[in-house]
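File shown here: final22.csv, holding CSV, N, CA and C atoms.
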```
chain,number,residue,atom,x,y,z
A,20,MET,N,-10.9,19.3,1.3
A,20,MET,CA,-11.0,18.7,-0.1
A,20,MET,C,-12.0,17.6,-0.1
A,21,GLU,N,-12.7,17.5,-1.2
A,21,GLU,CA,-13.7,16.5,-1.4
A,21,GLU,C,-13.1,15.1,-1.5
A,22,GLU,N,-13.9,14.1,-1.0
A,22,GLU,CA,-13.5,12.7,-1.0
A,22,GLU,C,-13.1,12.2,-2.4
A,23,ILE,N,-13.8,12.8,-3.4
A,23,ILE,CA,-13.6,12.3,-4.8
A,23,ILE,C,-12.1,12.6,-5.2
A,24,TYR,N,-11.5,13.6,-4.7
A,24,TYR,CA,-10.1,13.9,-5.0
A,24,TYR,C,-9.1,13.3,-4.1
A,25,ILE,N,-9.5,13.0,-2.9
A,25,ILE,CA,-8.6,12.5,-1.9
A,25,ILE,C,-8.2,11.0,-2.2
A,26,PHE,N,-9.2,10.2,-2.5
A,26,PHE,CA,-8.9,8.8,-2.8
A,26,PHE,C,-7.9,8.6,-3.9
A,27,PRO,N,-8.1,9.2,-5.1
A,27,PRO,CA,-7.1,9.0,-6.2
A,27,PRO,C,-5.7,9.5,-5.8
A,28,ILE,N,-5.6,10.6,-5.1
A,28,ILE,CA,-4.3,11.1,-4.7
A,28,ILE,C,-3.7,10.1,-3.7
A,29,MET,N,-4.4,9.6,-2.8
A,29,MET,CA,-3.9,8.6,-1.9
A,29,MET,C,-3.5,7.3,-2.6
A,30,MET,N,-4.2,6.9,-3.6
A,30,MET,CA,-3.9,5.8,-4.4
A,30,MET,C,-2.6,6.0,-5.2
A,31,ALA,N,-2.4,7.2,-5.8
A,31,ALA,CA,-1.2,7.5,-6.5
A,31,ALA,C,0.0,7.5,-5.6
A,32,ALA,N,-0.1,8.1,-4.4
A,32,ALA,CA,0.9,8.1,-3.4
A,32,ALA,C,1.3,6.7,-3.0
A,33,SER,N,0.3,5.9,-2.8
A,33,SER,CA,0.5,4.5,-2.4
A,33,SER,C,1.2,3.7,-3.4
A,34,VAL,N,0.9,3.9,-4.7
A,34,VAL,CA,1.6,3.2,-5.8
A,34,VAL,C,3.1,3.6,-5.8
A,35,ILE,N,3.4,4.9,-5.6
A,35,ILE,CA,4.7,5.4,-5.6
A,35,ILE,C,5.5,4.8,-4.5
A,36,VAL,N,4.9,4.8,-3.3
A,36,VAL,CA,5.6,4.3,-2.1
A,36,VAL,C,5.8,2.8,-2.3
A,37,MET,N,4.8,2.0,-2.8
A,37,MET,CA,4.9,0.6,-2.9
A,37,MET,C,6.0,0.3,-4.0
A,38,PHE,N,6.1,1.1,-5.0
A,38,PHE,CA,7.1,0.9,-6.0
A,38,PHE,C,8.5,1.0,-5.3
A,39,ALA,N,8.7,2.0,-4.5
A,39,ALA,CA,9.9,2.2,-3.8
A,39,ALA,C,10.2,1.1,-2.9
A,40,VAL,N,9.2,0.6,-2.2
A,40,VAL,CA,9.4,-0.5,-1.2
A,40,VAL,C,9.9,-1.8,-2.0
A,41,ILE,N,9.2,-2.1,-3.1
A,41,ILE,CA,9.6,-3.3,-3.9
A,41,ILE,C,11.0,-3.1,-4.4
A,42,TRP,N,11.3,-1.9,-5.0
A,42,TRP,CA,12.6,-1.6,-5.6
A,42,TRP,C,13.7,-1.8,-4.5
A,43,LEU,N,13.5,-1.3,-3.4
A,43,LEU,CA,14.5,-1.4,-2.3
A,43,LEU,C,14.6,-2.8,-1.8
A,44,ALA,N,13.5,-3.5,-1.7
A,44,ALA,CA,13.6,-4.9,-1.2
A,44,ALA,C,14.2,-5.9,-2.2
A,45,LYS,N,14.0,-5.7,-3.5
A,45,LYS,CA,14.6,-6.6,-4.5
A,45,LYS,C,16.0,-6.2,-4.9
A,46,TRP,N,16.3,-5.0,-4.8
A,46,TRP,CA,17.7,-4.4,-5.1
A,46,TRP,C,18.5,-5.3,-6.1
A,47,ASN,N,18.1,-5.4,-7.3
A,47,ASN,CA,18.8,-6.1,-8.4
A,47,ASN,C,19.0,-7.6,-8.1
A,48,SER,N,18.1,-8.2,-7.3
A,48,SER,CA,18.2,-9.6,-7.0
A,48,SER,C,17.3,-10.5,-7.9
A,49,SER,N,16.3,-9.9,-8.5
A,49,SER,CA,15.4,-10.7,-9.3
A,49,SER,C,15.4,-10.3,-10.8
A,50,PRO,N,15.7,-11.2,-11.6
A,50,PRO,CA,15.7,-10.9,-13.1
A,50,PRO,C,14.3,-10.5,-13.6
A,51,ARG,N,13.3,-10.9,-12.9
A,51,ARG,CA,11.9,-10.5,-13.4
A,51,ARG,C,11.6,-9.1,-13.0
A,52,ALA,N,12.4,-8.4,-12.2
A,52,ALA,CA,12.0,-7.1,-11.7
A,52,ALA,C,12.6,-6.0,-12.5
A,53,ASN,N,11.8,-5.6,-13.5
A,53,ASN,CA,12.1,-4.4,-14.2
A,53,ASN,C,11.1,-3.3,-13.8
A,54,VAL,N,11.4,-2.1,-14.3
A,54,VAL,CA,10.5,-1.0,-13.9
A,54,VAL,C,9.1,-1.2,-14.2
A,55,LEU,N,8.7,-1.7,-15.3
A,55,LEU,CA,7.3,-1.9,-15.7
A,55,LEU,C,6.7,-3.0,-14.8
A,56,SER,N,7.4,-4.1,-14.6
A,56,SER,CA,6.8,-5.1,-13.7
A,56,SER,C,6.6,-4.7,-12.3
A,57,ILE,N,7.6,-3.9,-11.8
A,57,ILE,CA,7.4,-3.4,-10.4
A,57,ILE,C,6.2,-2.4,-10.4
A,58,LEU,N,6.1,-1.6,-11.4
A,58,LEU,CA,5.0,-0.6,-11.4
A,58,LEU,C,3.6,-1.3,-11.5
A,59,VAL,N,3.5,-2.4,-12.3
A,59,VAL,CA,2.3,-3.1,-12.4
A,59,VAL,C,1.9,-3.8,-11.1
A,60,VAL,N,2.9,-4.5,-10.5
A,60,VAL,CA,2.6,-5.2,-9.2
A,60,VAL,C,2.3,-4.1,-8.1
A,61,SER,N,3.0,-3.0,-8.1
A,61,SER,CA,2.7,-1.9,-7.2
A,61,SER,C,1.2,-1.4,-7.4
A,62,ALA,N,0.8,-1.3,-8.6
A,62,ALA,CA,-0.5,-0.8,-8.9
A,62,ALA,C,-1.6,-1.9,-8.4
A,63,VAL,N,-1.3,-3.1,-8.7
A,63,VAL,CA,-2.2,-4.2,-8.3
A,63,VAL,C,-2.4,-4.2,-6.8
A,64,VAL,N,-1.2,-4.2,-6.1
A,64,VAL,CA,-1.3,-4.2,-4.6
A,64,VAL,C,-1.9,-3.0,-4.1
A,65,SER,N,-1.5,-1.8,-4.5
A,65,SER,CA,-2.0,-0.6,-3.9
A,65,SER,C,-3.4,-0.2,-4.4
A,66,VAL,N,-3.6,-0.1,-5.7
A,66,VAL,CA,-4.9,0.3,-6.2
A,66,VAL,C,-5.9,-0.8,-5.9
A,67,GLY,N,-5.6,-2.0,-6.2
A,67,GLY,CA,-6.5,-3.1,-6.0
A,67,GLY,C,-6.9,-3.3,-4.6
A,68,GLY,N,-5.9,-3.2,-3.7
A,68,GLY,CA,-6.2,-3.3,-2.3
A,68,GLY,C,-7.1,-2.1,-1.7
A,69,MET,N,-6.8,-0.9,-2.2
A,69,MET,CA,-7.6,0.2,-1.7
A,69,MET,C,-9.0,0.2,-2.3
A,70,VAL,N,-9.1,-0.2,-3.5
A,70,VAL,CA,-10.5,-0.2,-4.1
A,70,VAL,C,-11.3,-1.4,-3.4
A,71,PHE,N,-10.6,-2.5,-3.2
A,71,PHE,CA,-11.3,-3.6,-2.6
A,71,PHE,C,-11.8,-3.2,-1.2
A,72,ALA,N,-10.9,-2.6,-0.4
A,72,ALA,CA,-11.2,-2.2,0.9
A,72,ALA,C,-12.3,-1.1,1.0
A,73,LYS,N,-12.2,-0.2,0.1
A,73,LYS,CA,-13.2,0.9,0.1
A,73,LYS,C,-14.6,0.4,-0.3
A,74,TYR,N,-14.7,-0.4,-1.4
A,74,TYR,CA,-16.0,-0.9,-1.8
A,74,TYR,C,-16.5,-2.1,-0.9
A,75,GLY,N,-15.5,-2.8,-0.4
A,75,GLY,CA,-15.9,-3.9,0.6
A,75,GLY,C,-16.6,-3.3,1.8
A,76,ALA,N,-16.1,-2.2,2.3
A,76,ALA,CA,-16.7,-1.5,3.4
A,76,ALA,C,-18.0,-0.9,3.0
A,77,ASN,N,-18.1,-0.3,1.9
A,77,ASN,CA,-19.3,0.4,1.4
A,77,ASN,C,-20.4,-0.6,1.1
A,78,PHE,N,-20.1,-1.9,0.7
A,78,PHE,CA,-21.1,-2.9,0.4
A,78,PHE,C,-21.4,-3.8,1.6
A,79,GLY,N,-20.8,-3.5,2.7
A,79,GLY,CA,-21.2,-4.2,3.9
A,79,GLY,C,-20.4,-5.5,4.2
A,80,LEU,N,-19.3,-5.6,3.6
A,80,LEU,CA,-18.4,-6.8,4.0
A,80,LEU,C,-17.9,-6.6,5.4
A,81,SER,N,-17.6,-7.6,6.0
A,81,SER,CA,-17.0,-7.6,7.4
A,81,SER,C,-15.6,-6.9,7.3
A,82,TRP,N,-15.2,-6.2,8.3
A,82,TRP,CA,-13.9,-5.6,8.3
A,82,TRP,C,-12.8,-6.6,8.2
A,83,LYS,N,-13.1,-7.8,8.7
A,83,LYS,CA,-12.2,-8.9,8.7
A,83,LYS,C,-11.8,-9.3,7.2
A,84,VAL,N,-12.8,-9.1,6.3
A,84,VAL,CA,-12.6,-9.4,4.9
A,84,VAL,C,-11.9,-8.3,4.2
A,85,TYR,N,-12.4,-7.1,4.4
A,85,TYR,CA,-11.9,-6.0,3.6
A,85,TYR,C,-10.6,-5.4,4.1
A,86,TYR,N,-10.1,-5.8,5.3
A,86,TYR,CA,-8.8,-5.5,5.7
A,86,TYR,C,-7.8,-6.7,5.4
A,87,THR,N,-8.3,-7.9,5.6
A,87,THR,CA,-7.4,-9.1,5.5
A,87,THR,C,-7.0,-9.4,4.1
A,88,VAL,N,-8.0,-9.3,3.1
A,88,VAL,CA,-7.6,-9.7,1.7
A,88,VAL,C,-6.6,-8.7,1.2
A,89,PRO,N,-6.7,-7.4,1.3
A,89,PRO,CA,-5.6,-6.5,0.8
A,89,PRO,C,-4.3,-6.7,1.5
A,90,ALA,N,-4.4,-7.0,2.8
A,90,ALA,CA,-3.1,-7.2,3.6
A,90,ALA,C,-2.4,-8.5,3.1
A,91,LEU,N,-3.2,-9.6,2.8
A,91,LEU,CA,-2.6,-10.8,2.3
A,91,LEU,C,-2.0,-10.6,0.9
A,92,ILE,N,-2.7,-9.9,0.1
A,92,ILE,CA,-2.1,-9.6,-1.2
A,92,ILE,C,-0.9,-8.7,-1.1
A,93,THR,N,-0.8,-7.8,-0.2
A,93,THR,CA,0.3,-7.0,0.0
A,93,THR,C,1.5,-7.8,0.5
A,94,VAL,N,1.3,-8.7,1.4
A,94,VAL,CA,2.3,-9.5,2.0
A,94,VAL,C,2.9,-10.6,1.0
A,95,PHE,N,2.0,-11.2,0.2
A,95,PHE,CA,2.4,-12.4,-0.5
A,95,PHE,C,2.7,-12.1,-2.0
A,96,LEU,N,1.9,-11.2,-2.7
A,96,LEU,CA,2.1,-11.1,-4.1
A,96,LEU,C,3.5,-10.6,-4.6
A,97,PRO,N,4.0,-9.5,-4.1
A,97,PRO,CA,5.4,-9.1,-4.5
A,97,PRO,C,6.5,-10.2,-4.2
A,98,PRO,N,6.6,-10.7,-3.0
A,98,PRO,CA,7.6,-11.7,-2.8
A,98,PRO,C,7.5,-12.9,-3.7
A,99,VAL,N,6.3,-13.4,-3.9
A,99,VAL,CA,6.1,-14.6,-4.8
A,99,VAL,C,6.3,-14.2,-6.2
A,100,TYR,N,5.8,-13.1,-6.7
A,100,TYR,CA,5.9,-12.8,-8.1
A,100,TYR,C,7.4,-12.5,-8.5
A,101,PHE,N,8.1,-11.8,-7.6
A,101,PHE,CA,9.5,-11.5,-7.9
A,101,PHE,C,10.5,-12.6,-7.3
A,102,ARG,N,10.0,-13.7,-6.8
A,102,ARG,CA,10.8,-14.8,-6.3
A,102,ARG,C,11.9,-14.3,-5.3
A,103,MET,N,11.4,-13.5,-4.3
A,103,MET,CA,12.4,-13.0,-3.4
A,103,MET,C,12.8,-14.1,-2.4
A,104,SER,N,14.1,-14.0,-2.0
A,104,SER,CA,14.6,-14.9,-1.0
A,104,SER,C,13.9,-14.5,0.3
A,105,LEU,N,14.0,-15.4,1.3
A,105,LEU,CA,13.4,-15.1,2.6
A,105,LEU,C,13.9,-13.8,3.2
A,106,PHE,N,15.2,-13.6,3.0
A,106,PHE,CA,15.8,-12.4,3.6
A,106,PHE,C,15.2,-11.1,2.9
A,107,ARG,N,15.1,-11.2,1.6
A,107,ARG,CA,14.6,-10.0,0.8
A,107,ARG,C,13.1,-9.9,1.1
A,108,ALA,N,12.4,-11.0,1.2
A,108,ALA,CA,10.9,-11.0,1.6
A,108,ALA,C,10.7,-10.3,3.0
A,109,GLY,N,11.6,-10.7,3.9
A,109,GLY,CA,11.6,-10.1,5.2
A,109,GLY,C,11.8,-8.6,5.2
A,110,ILE,N,12.7,-8.1,4.3
A,110,ILE,CA,12.9,-6.7,4.2
A,110,ILE,C,11.7,-6.0,3.6
A,111,TYR,N,11.1,-6.7,2.5
A,111,TYR,CA,9.9,-6.2,1.9
A,111,TYR,C,8.8,-6.1,2.9
A,112,ILE,N,8.5,-7.1,3.7
A,112,ILE,CA,7.4,-7.1,4.6
A,112,ILE,C,7.6,-6.0,5.7
A,113,PHE,N,8.8,-5.9,6.1
A,113,PHE,CA,9.1,-4.8,7.1
A,113,PHE,C,8.8,-3.5,6.5
A,114,LEU,N,9.4,-3.2,5.3
A,114,LEU,CA,9.2,-1.9,4.7
A,114,LEU,C,7.7,-1.6,4.4
A,115,ALA,N,7.0,-2.7,3.9
A,115,ALA,CA,5.6,-2.5,3.5
A,115,ALA,C,4.7,-2.3,4.7
A,116,SER,N,5.1,-2.9,5.8
A,116,SER,CA,4.3,-2.7,7.0
A,116,SER,C,4.5,-1.3,7.6
A,117,LEU,N,5.6,-0.7,7.4
A,117,LEU,CA,5.8,0.7,7.8
A,117,LEU,C,5.2,1.7,6.8
A,118,SER,N,5.1,1.3,5.6
A,118,SER,CA,4.7,2.3,4.6
A,118,SER,C,3.3,2.8,4.7
A,119,ALA,N,2.3,1.9,5.0
A,119,ALA,CA,0.9,2.3,5.0
A,119,ALA,C,0.7,3.3,6.1
A,120,PRO,N,1.1,3.0,7.4
A,120,PRO,CA,0.9,4.0,8.4
A,120,PRO,C,1.6,5.3,8.1
A,121,ALA,N,2.8,5.2,7.5
A,121,ALA,CA,3.6,6.4,7.2
A,121,ALA,C,2.9,7.3,6.2
A,122,ILE,N,2.3,6.7,5.2
A,122,ILE,CA,1.6,7.5,4.2
A,122,ILE,C,0.4,8.2,4.9
A,123,HIS,N,-0.4,7.4,5.6
A,123,HIS,CA,-1.6,8.0,6.3
A,123,HIS,C,-1.2,9.1,7.3
A,124,TYR,N,-0.2,8.8,8.0
A,124,TYR,CA,0.3,9.8,9.0
A,124,TYR,C,0.8,11.1,8.2
A,125,ALA,N,1.5,10.9,7.1
A,125,ALA,CA,1.9,12.1,6.4
A,125,ALA,C,0.8,12.9,5.8
A,126,PHE,N,-0.2,12.2,5.3
A,126,PHE,CA,-1.4,12.9,4.8
A,126,PHE,C,-2.2,13.6,5.9
A,127,LEU,N,-2.2,12.9,7.0
A,127,LEU,CA,-2.9,13.5,8.2
A,127,LEU,C,-2.2,14.8,8.7
A,128,TYR,N,-0.9,14.6,8.8
A,128,TYR,CA,-0.1,15.7,9.4
A,128,TYR,C,0.0,16.9,8.5
A,129,PHE,N,0.3,16.7,7.2
A,129,PHE,CA,0.5,17.8,6.3
A,129,PHE,C,-0.7,18.4,5.7
A,130,LEU,N,-1.8,17.5,5.5
A,130,LEU,CA,-3.0,18.0,4.8
A,130,LEU,C,-4.2,17.9,5.7
A,131,GLY,N,-4.1,17.2,6.8
A,131,GLY,CA,-5.3,17.1,7.7
A,131,GLY,C,-6.3,16.1,7.2
A,132,TRP,N,-5.9,15.2,6.4
A,132,TRP,CA,-6.8,14.1,5.9
A,132,TRP,C,-6.8,13.0,6.8
A,133,ASP,N,-7.9,12.7,7.5
A,133,ASP,CA,-8.0,11.6,8.4
A,133,ASP,C,-9.1,10.6,8.1
A,134,GLN,N,-9.5,10.6,6.8
A,134,GLN,CA,-10.6,9.7,6.4
A,134,GLN,C,-10.2,8.2,6.6
A,135,TYR,N,-9.0,7.8,6.4
A,135,TYR,CA,-8.6,6.4,6.3
A,135,TYR,C,-8.0,5.9,7.6
A,136,MET,N,-7.6,6.8,8.5
A,136,MET,CA,-7.1,6.4,9.8
A,136,MET,C,-7.6,7.4,10.8
A,137,PRO,N,-8.9,7.4,11.1
A,137,PRO,CA,-9.4,8.4,11.9
A,137,PRO,C,-9.0,8.3,13.4
A,138,PHE,N,-8.4,7.2,13.8
A,138,PHE,CA,-8.0,7.0,15.2
A,138,PHE,C,-6.7,7.7,15.4
A,139,LEU,N,-6.0,8.1,14.4
A,139,LEU,CA,-4.8,8.9,14.6
A,139,LEU,C,-5.2,10.3,15.1
A,140,ASN,N,-4.6,10.7,16.2
A,140,ASN,CA,-5.0,12.0,16.8
A,140,ASN,C,-3.9,13.0,16.7
A,141,GLN,N,-3.7,13.6,15.6
A,141,GLN,CA,-2.6,14.5,15.4
A,141,GLN,C,-3.1,15.8,14.7
A,142,LEU,N,-2.7,16.9,15.1
A,142,LEU,CA,-3.0,18.2,14.5
A,142,LEU,C,-2.2,18.3,13.2
A,143,SER,N,-2.8,18.8,12.1
A,143,SER,CA,-2.1,19.0,10.9
A,143,SER,C,-1.4,20.3,10.9
A,144,VAL,N,-0.4,20.5,10.0
A,144,VAL,CA,0.4,21.7,10.0
A,144,VAL,C,-0.4,22.8,9.5
```
Conversion result in structure tokens:
Amino acid sequence: MEEIYIFPIMMAASVIVMFAVIWLAKWNSSPRANVLSILVVSAVVSVGGMVFAKYGANFGLSWKVYYTVPALITVFLPPVYFRMSLFRAGIYIFLASLSAPAIHYAFLYFLGWDQYMPFLNQLSV
């Protein structure tokens, strides 16, 4: 499949997974957390981070910048915006840190897409 189709599909999957991660981490603990606010924050974290990383790499930014900035946004934006307790923020960070490799590995295994984690060495189904 062409790159033009893969990137938006991965962004959509990332938003869905990030929505689930935030929803599970906050589990009715934050009055600010409604479906729309979780969806918007998920989109900012996922789409914003992926676009920044993709174009940062394409425009010659150092990998230290185009990996670190989205990672920091992913780690800090949802817990701060939803005013998560340290316990819930810990749950969020744990789930979020597992979600990115899980998404990439699932795409690699089931569809053979290795564009974003080429160092994973797994045959697709």
List as a PDB file with N, CA and C atoms, keeping the file's coordinate frame the protein and nucleic acid residues near segment 65-72 of chain A, meaning an atom at most 6 Å away when all atoms listed in the file are counted, but skip any in the same chain fewer than 6 places from it.
```
ATOM      1  N   MET A  30      -4.200   6.900  -3.600  1.00  0.00           N
ATOM      2  CA  MET A  30      -3.900   5.800  -4.400  1.00  0.00           C
ATOM      3  C   MET A  30      -2.600   6.000  -5.200  1.00  0.00           C
ATOM      4  N   SER A  33       0.300   5.900  -2.800  1.00  0.00           N
ATOM      5  CA  SER A  33       0.500   4.500  -2.400  1.00  0.00           C
ATOM      6  C   SER A  33       1.200   3.700  -3.400  1.00  0.00           C
ATOM      7  N   VAL A  34       0.900   3.900  -4.700  1.00  0.00           N
ATOM      8  CA  VAL A  34       1.600   3.200  -5.800  1.00  0.00           C
ATOM      9  C   VAL A  34       3.100   3.600  -5.800  1.00  0.00           C
ATOM     10  N   TYR A  85     -12.400  -7.100   4.400  1.00  0.00           N
ATOM     11  CA  TYR A  85     -11.900  -6.000   3.600  1.00  0.00           C
ATOM     12  C   TYR A  85     -10.600  -5.400   4.100  1.00  0.00           C
ATOM     13  N   TYR A  86     -10.100  -5.800   5.300  1.00  0.00           N
ATOM     14  CA  TYR A  86      -8.800  -5.500   5.700  1.00  0.00           C
ATOM     15  C   TYR A  86      -7.800  -6.700   5.400  1.00  0.00           C
ATOM     16  N   PRO A  89      -6.700  -7.400   1.300  1.00  0.00           N
ATOM     17  CA  PRO A  89      -5.600  -6.500   0.800  1.00  0.00           C
ATOM     18  C   PRO A  89      -4.300  -6.700   1.500  1.00  0.00           C
TER      19      PRO A  89
END
```
| request: Just give me the gap between atom CA of Phe95 of chain A and atom CA of Phe78 of chain A in Å, one decimal is fine. | output: 25.4 Å
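Taking only C-alpha atoms, the non-local environment of Val94 of chain A within 9 Å (same-chain residues fewer than 6 positions away omitted) comprises Ala108, Tyr111, Ile112, Ala115 and Ser116 of chain A.
With atom CA of Ala52 of chain A on one side and atom CA of Phe101 of chain A on the other, the separation reads 6.3 Å.
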| said: Could you tell me how far atom C of Ile23 of chain A sits from atom CA of Ala39 of chain A, in Å to one decimal place? | reply: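 For atom CA of Ala39 of chain A relative to atom C of Ile23 of chain A, the distance reads 24.4 Å.
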| query | In terms of the shortest atom-to-atom distance over only N, CA and C atoms, which of A:Ile25, A:Ala44, A:Val36, A:Ile122 is closest to Phe106 of chain A? | reply | A:Ala44
| Which residues in chain A does DSSP call alpha helix (DSSP H)? List them as a PyMOL selection string. | chain A and resi 22-45+54-62+68-77+82-100+105-130
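Comparing A:Phe126, A:Leu114, A:Trp82, A:Ser61 by their smallest distance to Tyr100 of chain A, the closest is A:Ser61 (using only C-alpha atoms).
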